[in-house]
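Trainee: I am sharing final.csv, which consists of CSV, C-alpha atoms:
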```csv
chain,number,residue,atom,x,y,z
A,1,MET,CA,230.1,36.3,-27.0
A,2,ILE,CA,231.5,36.1,-30.5
A,3,TYR,CA,233.8,39.1,-30.4
A,4,PRO,CA,236.0,37.9,-27.5
A,5,LEU,CA,236.5,34.6,-29.2
A,6,PHE,CA,237.3,36.2,-32.5
A,7,PHE,CA,239.7,38.5,-30.7
A,8,ARG,CA,241.6,35.7,-29.1
A,9,LEU,CA,241.7,33.3,-32.1
A,10,VAL,CA,242.2,35.8,-34.9
A,11,LEU,CA,243.1,39.4,-34.0
A,12,GLU,CA,245.8,38.6,-31.4
A,13,ARG,CA,247.7,36.8,-34.1
A,14,PHE,CA,248.3,40.1,-35.9
A,15,ASP,CA,250.8,42.8,-35.1
A,16,ALA,CA,249.1,45.6,-33.3
A,17,GLU,CA,248.8,48.1,-36.0
A,18,ASP,CA,248.1,45.5,-38.7
A,19,ALA,CA,245.1,44.4,-36.6
A,20,HIS,CA,244.0,48.0,-36.3
A,21,ARG,CA,244.4,48.6,-40.0
A,22,LEU,CA,242.4,45.4,-40.8
A,23,ALA,CA,239.6,46.5,-38.5
A,24,ARG,CA,239.5,50.0,-40.0
A,25,ARG,CA,239.6,48.8,-43.6
A,26,ALA,CA,237.1,46.0,-43.1
A,27,SER,CA,234.6,48.4,-41.4
A,28,ARG,CA,234.9,51.0,-44.1
A,29,ALA,CA,234.3,48.4,-46.8
A,30,LEU,CA,231.4,46.8,-45.0
A,31,MET,CA,229.8,50.2,-44.3
A,32,ARG,CA,230.2,51.6,-47.8
A,33,PRO,CA,226.9,50.5,-49.3
A,34,ARG,CA,224.1,53.1,-48.6
A,35,ILE,CA,221.7,50.5,-47.4
A,36,ILE,CA,224.1,49.3,-44.7
A,37,ARG,CA,224.7,52.9,-43.6
A,38,ARG,CA,220.9,53.5,-43.5
A,39,VAL,CA,220.4,50.3,-41.3
A,40,LEU,CA,223.2,51.4,-39.0
A,41,ARG,CA,221.7,54.9,-38.6
A,42,GLN,CA,218.4,53.3,-37.7
A,43,THR,CA,219.8,50.6,-35.3
A,44,LEU,CA,223.0,51.8,-33.7
A,45,VAL,CA,223.2,55.6,-33.9
A,46,PRO,CA,221.8,56.9,-30.6
A,47,LYS,CA,218.4,58.5,-30.7
A,48,ALA,CA,217.2,58.1,-27.1
A,49,PRO,CA,216.3,61.5,-25.6
A,50,GLU,CA,217.8,60.4,-22.3
A,51,LEU,CA,221.3,60.5,-23.9
A,52,ARG,CA,221.1,64.0,-25.5
A,53,VAL,CA,223.6,66.4,-24.2
A,54,GLU,CA,223.8,70.1,-25.2
A,55,THR,CA,227.2,71.5,-24.7
A,56,LEU,CA,230.1,73.2,-26.6
A,57,GLY,CA,227.5,74.7,-28.9
A,58,GLN,CA,226.3,71.3,-30.1
A,59,ALA,CA,223.6,68.8,-29.4
A,60,PHE,CA,225.4,65.5,-28.8
A,61,PRO,CA,223.2,62.4,-29.4
A,62,SER,CA,225.2,60.6,-26.7
A,63,PRO,CA,227.8,61.7,-24.2
A,64,LEU,CA,230.0,58.7,-25.2
A,65,GLY,CA,232.6,59.6,-27.8
A,66,VAL,CA,235.8,58.3,-29.3
A,67,ALA,CA,239.1,59.6,-27.7
A,68,ALA,CA,241.9,60.9,-29.9
A,69,GLY,CA,244.3,58.1,-30.9
A,70,MET,CA,241.7,55.8,-32.5
A,71,ASP,CA,241.4,57.7,-35.8
A,72,LYS,CA,244.9,59.2,-36.4
A,73,ASP,CA,244.5,59.1,-40.2
A,74,VAL,CA,241.2,61.0,-40.2
A,75,ASP,CA,239.6,58.4,-42.4
A,76,TRP,CA,237.5,56.3,-40.0
A,77,PHE,CA,235.4,58.8,-38.0
A,78,GLU,CA,232.2,58.4,-40.0
A,79,GLU,CA,232.1,54.6,-39.5
A,80,LEU,CA,232.8,55.0,-35.8
A,81,GLY,CA,229.9,57.4,-35.6
A,82,LEU,CA,227.7,54.8,-37.3
A,83,LEU,CA,228.6,52.2,-34.6
A,84,GLY,CA,226.9,54.4,-32.0
A,85,PHE,CA,229.4,57.0,-30.7
A,86,GLY,CA,228.0,60.4,-30.1
A,87,PHE,CA,231.1,62.2,-31.3
A,88,VAL,CA,234.6,61.4,-32.5
A,89,GLU,CA,237.8,63.2,-31.7
A,90,VAL,CA,240.3,62.7,-34.5
A,91,GLY,CA,244.1,62.9,-34.3
A,92,THR,CA,246.4,63.8,-32.7
A,93,ILE,CA,247.1,65.9,-35.8
A,94,THR,CA,250.3,68.0,-36.3
A,95,ALA,CA,250.9,70.9,-38.7
A,96,GLN,CA,253.2,68.7,-40.8
A,97,ALA,CA,252.7,65.1,-41.8
A,98,GLN,CA,254.8,62.7,-39.8
A,99,GLN,CA,255.4,58.9,-39.6
A,100,GLY,CA,255.6,58.7,-35.8
A,101,SER,CA,257.8,56.2,-33.9
A,102,PRO,CA,259.2,53.1,-35.6
A,103,GLU,CA,256.9,50.0,-35.4
A,104,PRO,CA,256.1,48.0,-33.4
A,105,ARG,CA,254.7,50.7,-31.1
A,106,ILE,CA,251.7,49.2,-29.4
A,107,ALA,CA,251.6,46.4,-26.8
A,108,ARG,CA,248.4,44.9,-25.5
A,109,ARG,CA,247.8,43.1,-22.2
A,110,ARG,CA,244.4,41.6,-22.5
A,111,ALA,CA,244.3,40.1,-19.0
A,112,GLN,CA,244.5,43.6,-17.6
A,113,GLN,CA,242.4,45.3,-20.3
A,114,ALA,CA,245.4,47.6,-20.9
A,115,LEU,CA,247.4,49.0,-23.8
A,116,LEU,CA,250.9,50.5,-24.0
A,117,ASN,CA,251.6,52.8,-26.9
A,118,TRP,CA,254.5,54.9,-28.0
A,119,MET,CA,253.0,56.0,-31.3
A,120,GLY,CA,254.5,59.5,-31.6
A,121,PHE,CA,251.7,61.2,-33.5
A,122,PRO,CA,251.7,59.5,-36.9
A,123,ASN,CA,249.2,61.5,-39.0
A,124,PRO,CA,248.7,62.9,-42.5
A,125,GLY,CA,249.2,66.6,-41.5
A,126,ALA,CA,246.7,69.3,-40.8
A,127,ALA,CA,246.0,70.3,-44.4
A,128,VAL,CA,245.2,66.7,-45.5
A,129,ALA,CA,243.2,66.1,-42.3
A,130,ALA,CA,241.2,69.3,-42.9
A,131,ASP,CA,240.4,68.2,-46.5
A,132,LEU,CA,239.1,64.8,-45.2
A,133,LEU,CA,236.9,66.5,-42.6
A,134,ARG,CA,235.4,68.8,-45.2
A,135,ARG,CA,234.3,65.8,-47.2
A,136,ARG,CA,232.3,64.2,-44.4
A,137,SER,CA,228.8,63.3,-45.2
A,138,GLU,CA,227.4,61.9,-41.9
A,139,PRO,CA,225.9,64.4,-39.4
A,140,LEU,CA,228.5,63.6,-36.8
A,141,ILE,CA,230.2,65.9,-34.3
A,142,VAL,CA,233.9,65.8,-34.8
A,143,GLY,CA,236.6,67.4,-32.7
A,144,SER,CA,240.2,67.9,-33.8
A,145,ASN,CA,243.0,67.1,-31.4
A,146,ILE,CA,246.3,68.9,-32.3
A,147,GLY,CA,249.8,68.5,-31.1
A,148,ARG,CA,253.3,69.7,-31.8
A,149,THR,CA,255.2,68.5,-34.8
A,150,LEU,CA,258.2,66.4,-33.7
A,151,ASN,CA,260.8,68.4,-35.6
A,152,VAL,CA,259.6,71.7,-34.3
A,153,ALA,CA,261.5,73.2,-31.4
A,154,PRO,CA,259.5,73.7,-28.2
A,155,GLN,CA,260.1,77.5,-28.4
A,156,ASP,CA,258.3,77.4,-31.8
A,157,ALA,CA,255.4,75.3,-30.6
A,158,ALA,CA,252.9,78.2,-30.5
A,159,GLU,CA,253.2,78.9,-34.2
A,160,ASP,CA,253.1,75.2,-35.0
A,161,TYR,CA,249.8,74.8,-33.1
A,162,ARG,CA,248.6,78.0,-34.8
A,163,ALA,CA,249.2,76.5,-38.2
A,164,SER,CA,247.2,73.4,-37.4
A,165,THR,CA,244.4,75.6,-36.0
A,166,ARG,CA,244.3,77.6,-39.2
A,167,GLU,CA,243.7,74.5,-41.3
A,168,LEU,CA,241.4,72.5,-38.9
A,169,ALA,CA,239.2,75.0,-37.0
A,170,PRO,CA,236.9,75.8,-40.0
A,171,CYS,CA,236.0,72.2,-40.4
A,172,SER,CA,235.9,71.1,-36.7
A,173,ASP,CA,233.2,71.3,-34.1
A,174,TYR,CA,235.7,71.8,-31.3
A,175,MET,CA,239.5,71.9,-30.9
A,176,VAL,CA,241.7,70.2,-28.3
A,177,LEU,CA,245.3,71.3,-27.6
A,178,ASN,CA,247.2,68.1,-26.7
A,179,VAL,CA,249.9,69.2,-24.3
A,180,SER,CA,250.1,65.9,-22.4
A,181,SER,CA,251.2,63.0,-24.6
A,182,PRO,CA,254.2,61.2,-23.1
A,183,ASN,CA,255.5,60.2,-26.5
A,184,THR,CA,256.7,63.6,-27.9
A,185,PRO,CA,259.8,64.8,-26.1
A,186,GLY,CA,259.2,68.0,-24.1
A,187,LEU,CA,255.4,68.2,-24.9
A,188,GLN,CA,254.3,67.7,-21.4
A,189,ASP,CA,256.2,70.8,-20.4
A,190,MET,CA,253.6,72.8,-22.3
A,191,GLN,CA,251.2,72.1,-19.5
A,192,MET,CA,253.1,74.4,-17.2
A,193,ALA,CA,251.3,77.8,-16.9
A,194,HIS,CA,254.2,79.9,-18.2
A,195,ARG,CA,254.2,77.9,-21.4
A,196,LEU,CA,250.5,77.2,-21.7
A,197,ARG,CA,249.5,80.8,-21.5
A,198,PRO,CA,251.3,82.0,-24.7
A,199,LEU,CA,250.2,78.8,-26.5
A,200,VAL,CA,246.5,79.4,-25.8
A,201,SER,CA,246.8,83.1,-26.6
A,202,SER,CA,248.4,82.3,-30.0
A,203,VAL,CA,245.8,79.8,-30.9
A,204,ARG,CA,243.0,82.2,-29.8
A,205,GLU,CA,244.6,84.9,-32.0
A,206,GLU,CA,244.4,82.6,-35.0
A,207,LEU,CA,240.7,81.8,-34.3
A,208,ARG,CA,239.9,85.5,-34.1
A,209,ALA,CA,241.8,86.3,-37.2
A,210,ASN,CA,239.9,83.8,-39.2
A,211,ALA,CA,236.5,84.4,-37.5
A,212,THR,CA,236.2,80.7,-36.5
A,213,PRO,CA,234.9,80.8,-32.9
A,214,VAL,CA,235.1,77.0,-32.2
A,215,PRO,CA,235.3,75.8,-28.6
A,216,LEU,CA,238.8,75.4,-27.4
A,217,LEU,CA,239.9,72.8,-24.8
A,218,ILE,CA,243.2,71.4,-23.5
A,219,LYS,CA,244.1,67.7,-22.8
A,220,ILE,CA,246.1,67.1,-19.7
A,221,SER,CA,248.2,64.3,-18.2
A,222,PRO,CA,247.1,62.0,-15.3
A,223,ASP,CA,250.6,62.3,-13.8
A,224,LEU,CA,250.3,65.9,-12.6
A,225,ASP,CA,250.2,66.5,-8.9
A,226,ASP,CA,247.5,68.5,-7.2
A,227,ASN,CA,249.3,71.8,-7.3
A,228,GLU,CA,250.0,71.4,-11.0
A,229,LEU,CA,246.3,70.5,-11.6
A,230,ASP,CA,245.2,73.6,-9.7
A,231,ALA,CA,247.5,75.8,-11.7
A,232,ILE,CA,246.1,74.5,-15.0
A,233,CYS,CA,242.5,74.8,-13.7
A,234,ASP,CA,243.1,78.4,-12.6
A,235,LEU,CA,244.7,79.3,-15.9
A,236,ALA,CA,242.0,77.6,-17.9
A,237,MET,CA,239.4,79.7,-16.1
A,238,GLU,CA,241.4,82.9,-16.4
A,239,LEU,CA,241.8,82.4,-20.1
A,240,GLN,CA,238.2,81.4,-20.4
A,241,LEU,CA,238.9,78.1,-22.1
A,242,ASP,CA,235.8,76.1,-22.9
A,243,GLY,CA,236.9,72.9,-21.2
A,244,ILE,CA,239.5,70.3,-20.2
A,245,VAL,CA,239.9,66.7,-21.5
A,246,ALA,CA,241.2,64.6,-18.6
A,247,VAL,CA,243.2,62.4,-19.0
A,248,ASN,CA,245.9,61.3,-21.4
A,249,THR,CA,247.9,58.0,-21.0
A,250,THR,CA,250.2,57.6,-18.0
A,251,ARG,CA,253.8,56.8,-17.5
A,252,ASP,CA,253.2,55.7,-13.9
A,253,PHE,CA,253.2,51.9,-13.7
A,254,SER,CA,253.4,51.8,-9.9
A,255,ASN,CA,249.8,50.6,-9.5
A,256,VAL,CA,250.6,47.5,-11.5
A,257,THR,CA,254.3,46.9,-11.0
A,258,GLY,CA,254.9,48.1,-7.4
A,259,SER,CA,257.5,50.6,-8.6
A,260,SER,CA,257.3,54.2,-9.7
A,261,GLY,CA,258.2,55.6,-13.0
A,262,ASP,CA,259.0,53.6,-16.2
A,263,PRO,CA,260.3,50.1,-15.5
A,264,ALA,CA,263.6,49.4,-17.3
A,265,GLY,CA,263.1,48.7,-21.0
A,266,LEU,CA,259.6,50.1,-21.2
A,267,ARG,CA,258.3,53.2,-22.8
A,268,GLY,CA,255.2,54.9,-23.9
A,269,GLY,CA,251.9,55.6,-22.2
A,270,LEU,CA,249.6,53.2,-20.4
A,271,SER,CA,245.8,53.2,-21.0
A,272,GLY,CA,242.8,51.2,-20.0
A,273,ARG,CA,241.8,49.6,-16.7
A,274,PRO,CA,244.9,50.5,-14.7
A,275,LEU,CA,244.2,54.2,-15.4
A,276,LYS,CA,240.6,54.0,-14.2
A,277,GLY,CA,241.1,55.1,-10.6
A,278,ARG,CA,243.5,57.9,-11.4
A,279,ALA,CA,241.3,59.3,-14.2
A,280,LEU,CA,238.3,59.5,-11.8
A,281,ALA,CA,240.4,61.1,-9.1
A,282,VAL,CA,241.7,63.8,-11.5
A,283,LEU,CA,238.2,64.5,-12.7
A,284,ARG,CA,236.9,64.9,-9.2
A,285,HIS,CA,239.8,67.2,-8.3
A,286,ILE,CA,239.2,69.4,-11.4
A,287,ARG,CA,235.5,69.6,-10.8
A,288,GLN,CA,236.1,70.6,-7.2
A,289,ARG,CA,238.4,73.4,-8.4
A,290,VAL,CA,236.4,74.7,-11.4
A,291,GLY,CA,232.8,73.8,-10.6
A,292,ASP,CA,230.6,74.0,-13.7
A,293,SER,CA,232.6,76.9,-15.3
A,294,LEU,CA,234.3,74.5,-17.7
A,295,VAL,CA,233.1,71.6,-19.8
A,296,LEU,CA,234.9,68.4,-18.6
A,297,ILE,CA,235.5,65.5,-20.8
A,298,SER,CA,236.6,62.4,-19.0
A,299,VAL,CA,238.7,59.6,-20.6
A,300,GLY,CA,240.7,56.7,-19.2
A,301,GLY,CA,239.6,53.2,-18.1
A,302,ILE,CA,235.9,53.5,-19.1
A,303,GLU,CA,234.7,49.9,-19.7
A,304,THR,CA,231.1,49.7,-18.6
A,305,PRO,CA,228.0,52.0,-18.5
A,306,GLU,CA,228.6,52.2,-14.7
A,307,ASP,CA,232.1,53.6,-15.3
A,308,ALA,CA,230.7,56.3,-17.6
A,309,TRP,CA,227.9,57.0,-15.1
A,310,ASP,CA,230.5,57.5,-12.3
A,311,ARG,CA,232.3,60.1,-14.5
A,312,ILE,CA,229.0,61.9,-15.2
A,313,LEU,CA,228.2,62.1,-11.5
A,314,ALA,CA,231.7,63.3,-10.8
A,315,GLY,CA,231.3,66.2,-13.2
A,316,ALA,CA,232.0,65.1,-16.7
A,317,THR,CA,229.6,66.4,-19.3
A,318,LEU,CA,231.1,64.0,-21.9
A,319,VAL,CA,233.1,60.9,-21.7
A,320,GLN,CA,235.5,59.2,-24.2
A,321,ALA,CA,236.7,55.7,-24.8
A,322,HIS,CA,239.6,54.1,-26.6
A,323,THR,CA,240.9,50.9,-24.9
A,324,GLY,CA,237.4,49.9,-23.7
A,325,PHE,CA,236.3,49.9,-27.3
A,326,VAL,CA,239.4,47.9,-28.5
A,327,TYR,CA,238.5,45.1,-26.1
A,328,GLY,CA,234.7,45.5,-26.3
A,329,GLY,CA,234.3,45.2,-30.1
A,330,PRO,CA,232.1,46.9,-32.7
A,331,LEU,CA,228.8,46.6,-30.7
A,332,TRP,CA,230.4,48.0,-27.5
A,333,PRO,CA,229.2,51.6,-28.0
A,334,SER,CA,225.6,50.4,-28.6
A,335,ARG,CA,225.7,48.4,-25.4
A,336,MET,CA,227.2,51.4,-23.5
A,337,ASN,CA,224.4,53.6,-24.8
A,338,ARG,CA,221.7,51.2,-23.8
A,339,GLY,CA,223.2,50.8,-20.3
A,340,LEU,CA,223.3,54.6,-19.8
A,341,VAL,CA,219.7,54.9,-20.8
A,342,ARG,CA,218.8,52.3,-18.3
A,343,LEU,CA,220.8,54.1,-15.5
A,344,VAL,CA,219.0,57.4,-16.3
A,345,ARG,CA,215.6,55.7,-16.2
A,346,GLU,CA,216.3,53.8,-13.0
A,347,ARG,CA,217.0,57.1,-11.3
A,348,GLY,CA,213.9,58.8,-12.6
A,349,GLY,CA,215.7,61.2,-14.9
A,350,SER,CA,214.7,62.4,-18.3
A,351,SER,CA,218.2,63.3,-19.5
A,352,ILE,CA,221.7,62.2,-18.5
A,353,GLN,CA,222.7,65.8,-18.5
A,354,GLU,CA,220.6,66.3,-15.3
A,355,PHE,CA,223.1,64.2,-13.5
A,356,VAL,CA,226.3,65.9,-14.5
A,357,GLY,CA,228.2,66.7,-11.2
A,358,ALA,CA,225.4,65.3,-9.1
A,359,ALA,CA,227.9,63.6,-6.7
A,360,THR,CA,229.6,67.0,-6.1
A,361,MET,CA,226.4,68.8,-5.0
A,362,ASP,CA,224.7,69.0,-1.6
A,363,GLY,CA,221.2,68.0,-0.8
A,364,LEU,CA,220.9,65.3,-3.5
A,365,GLY,CA,219.4,62.5,-1.5
A,366,GLY,CA,219.7,59.4,-3.5
A,367,CYS,CA,221.6,60.9,-6.4
A,368,ALA,CA,224.9,61.2,-4.5
A,369,GLY,CA,224.5,57.8,-3.1
A,370,ASP,CA,224.2,56.2,-6.5
A,371,ILE,CA,227.9,56.5,-7.0
A,372,VAL,CA,229.8,53.4,-6.0
A,373,GLU,CA,233.5,53.0,-5.8
A,374,ARG,CA,234.5,50.2,-8.1
A,375,GLN,CA,238.0,49.3,-7.2
A,376,ILE,CA,239.2,47.1,-10.0
A,377,PRO,CA,242.0,44.8,-8.8
A,378,SER,CA,245.2,45.4,-10.8
A,379,PRO,CA,247.2,42.2,-11.0
A,380,ASP,CA,250.8,42.6,-11.9
A,381,LEU,CA,250.9,43.8,-15.5
A,382,ASP,CA,253.1,41.4,-17.3
A,383,LEU,CA,254.8,44.1,-19.3
A,384,VAL,CA,257.7,43.2,-21.4
A,385,PRO,CA,260.3,45.4,-23.2
A,386,PRO,CA,259.2,46.7,-26.6
A,387,ALA,CA,261.5,44.3,-28.4
A,388,ASP,CA,259.3,41.4,-27.2
A,389,THR,CA,256.0,43.0,-28.2
A,390,ALA,CA,256.1,42.5,-31.9
A,391,GLY,CA,253.3,39.9,-31.7
A,392,ALA,CA,251.0,42.1,-29.6
A,393,ALA,CA,247.9,43.2,-31.4
A,394,ARG,CA,245.3,45.9,-31.2
A,395,ALA,CA,242.0,45.8,-32.9
A,396,VAL,CA,238.5,47.0,-32.7
```
Here is a file; write its structure as structure tokens.
Mentor:
Amino acid sequence: MIYPLFFRLVLERFDAEDAHRLARRASRALMRPRIIRRVLRQTLVPKAPELRVETLGQAFPSPLGVAAGMDKDVDWFEELGLLGFGFVEVGTITAQAQQGSPEPRIARRRAQQALLNWMGFPNPGAAVAADLLRRRSEPLIVGSNIGRTLNVAPQDAAEDYRASTRELAPCSDYMVLNVSSPNTPGLQDMQMAHRLRPLVSSVREELRANATPVPLLIKISPDLDDNELDAICDLAMELQLDGIVAVNTTRDFSNVTGSSGDPAGLRGGLSGRPLKGRALAVLRHIRQRVGDSLVLISVGGIETPEDAWDRILAGATLVQAHTGFVYGGPLWPSRMNRGLVRLVRERGGSSIQEFVGAATMDGLGGCAGDIVERQIPSPDLDLVPPADTAGAARAV
């Protein structure tokens, strides 16, 4: 394939964010002509009825979306949609603009199809992001992922999230409260029930005050234990949240290094293939706890149509990708969509939505048996301290 060769010979020579910026700017320039956009709508934008999913008050043309973190600047989402994604989640966005962590702040390990990042929510701020969303011209479903501004004290987080909601809710198709990034100090504490309850209540008050009833979800960490997951699930149902996005990046490197916690000199969150098993396990646990009372969006280690299919069977209504797209290239979402259509047809279905949670139900005959555990070997992740990662690159 051409893209893997281009990746190795060209993109890996760039610093991580430089490669990302290059890909973003190049795709925006190439897709600017109306004729190009028209061709992409006809060839890559999903239209197969088998992929249609109705949820969160929207008709998604495909269950495959872009996870938060890909379009932090809120200026690339339309082009991502034209490549074949059914929806895009922009951000993470904070109430105030911020630069994020000093560069370099991304490390790639291609052999393990993994990324390490310690970005720290660089973004233009909620007001600018909202203006960019209001200008969109493509009929694309866009969610806004919001987080706490770094210089805001944890005790003031609710008002900070509320300020972002005030700006973004009117121009978003759904909202996600990011309370799980490992790169903002103290943020993951917001997942605890006694902190999450007032945060959700404050955001809900803002939505009611402005008469913007957009669906509200939370994004959680893969590093929670079962009791913590149960507490979040119970609270989400009590507060009648619309759904849960599972999962964010992990700080647990034990499955690739043989030791728990952060190895000396490393920081940030790990995504991609090493997260695959944990992401699926968390999804199954949540589905068992909440049934179909919440919309579940699964993210983490999705590389193939079969990976996405496993998440659907395990209870995900929608799935998201980031690292898989980075390594798969611009035609990856189109290949994923074709693969999902094939899987639906092979199993005699008319819509992928028929199979949501099929592996968790009784009396399914062949459906439950379709799910196959795909244990991906995790060779030692040759991770190096951030000081040695200046040459690592990320691109799409």
Trainee: With distances taken over all atoms listed in the file, which residue among A:Thr317, A:Asn151, A:Asn227, A:Thr94 lies nearest Glu354 (chain A)?
Mentor: A:Thr317
Trainee: Take CA of Pro170 (chain A) and CA of Ala68 (chain A) and report the distance between them in Å, one decimal.
Mentor: 18.7 Å
Trainee: One decimal, in Å: what's the spacing between CA of Pro198 (chain A) and CA of Val66 (chain A)?
Mentor: 28.7 Å
Trainee: Identify, on the basis of only C-alpha atoms, every residue whose closest approach to Thr212 (chain A) does not exceed 12 Å; exclude the query and any residue fewer than 6 positions from it along the same chain; express the result as number ranges by chain.
Mentor: A: 165-175, 203-206
Trainee: Could you give me the axis-aligned bounding box of region 130-146 of chain A, with 5 Å of padding per side, as centre plus edge lengths in Å to one decimal, as AutoDock Vina command-line options?
Mentor:
```
--center_x 236.1 --center_y 65.6 --center_z -39.3 --size_x 30.4 --size_y 17.4 --size_z 25.8
```
Trainee: Quick one: residues within 8 Å of Ile302 (chain A), all atoms listed in the file counted, chain neighbours fewer than 2 positions away excluded, as a PyMOL selection string?
Mentor: chain A and resi 272-273+276+299-300+304+307-308+320-321+324
Trainee: Tell me, in Å to one decimal, how far CA of Gly81 (chain A) is from CA of Ala19 (chain A).
Mentor: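 Taking CA of Gly81 (chain A) and CA of Ala19 (chain A), their separation equals 20.0 Å.
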Trainee: Which residue gives the smallest distance to Ala111 (chain A) among A:Leu296, A:Pro274, A:Asp18, A:Ser164, with all atoms listed in the file counted?
Mentor: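 For Ala111 (chain A), the nearest of the given residues is A:Pro274.
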Trainee: Taking only C-alpha atoms into account, name the residue in A:Gly57, A:Ala193, A:Gly291, A:Arg267 that is nearest to Ser101 (chain A).
Mentor: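 The shortest atom-to-atom distance to Ser101 (chain A) comes from A:Arg267.
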Trainee: Using all atoms listed in the file, which residue out of A:Phe6, A:Trp309, A:Phe121, A:Phe253 lies closest to Gly69 (chain A)?
Mentor: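 Smallest separation from Gly69 (chain A) among the options: A:Phe121.
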Trainee: At a cut-off of 7 Å around the point (233.2, 58.3, -26.6) (file coordinates), what residues fall inside when counting all atoms listed in the file? I'd like the answer as a list in words.
Mentor: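 Selection result: Pro63, Leu64, Gly65, Val66, Ala67, Phe85, Gly86, Phe87, Val88, Val319, Gln320 and Ala321 of chain A.
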Trainee: Find, counting all atoms listed in the file, the residue in A:Gly84, A:Gly329, A:Gly301, A:Gly268 that gets nearest to Leu11 (chain A).
Mentor: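 Going through A:Gly84, A:Gly329, A:Gly301, A:Gly268 one by one, the smallest distance to Leu11 (chain A) is for A:Gly329.
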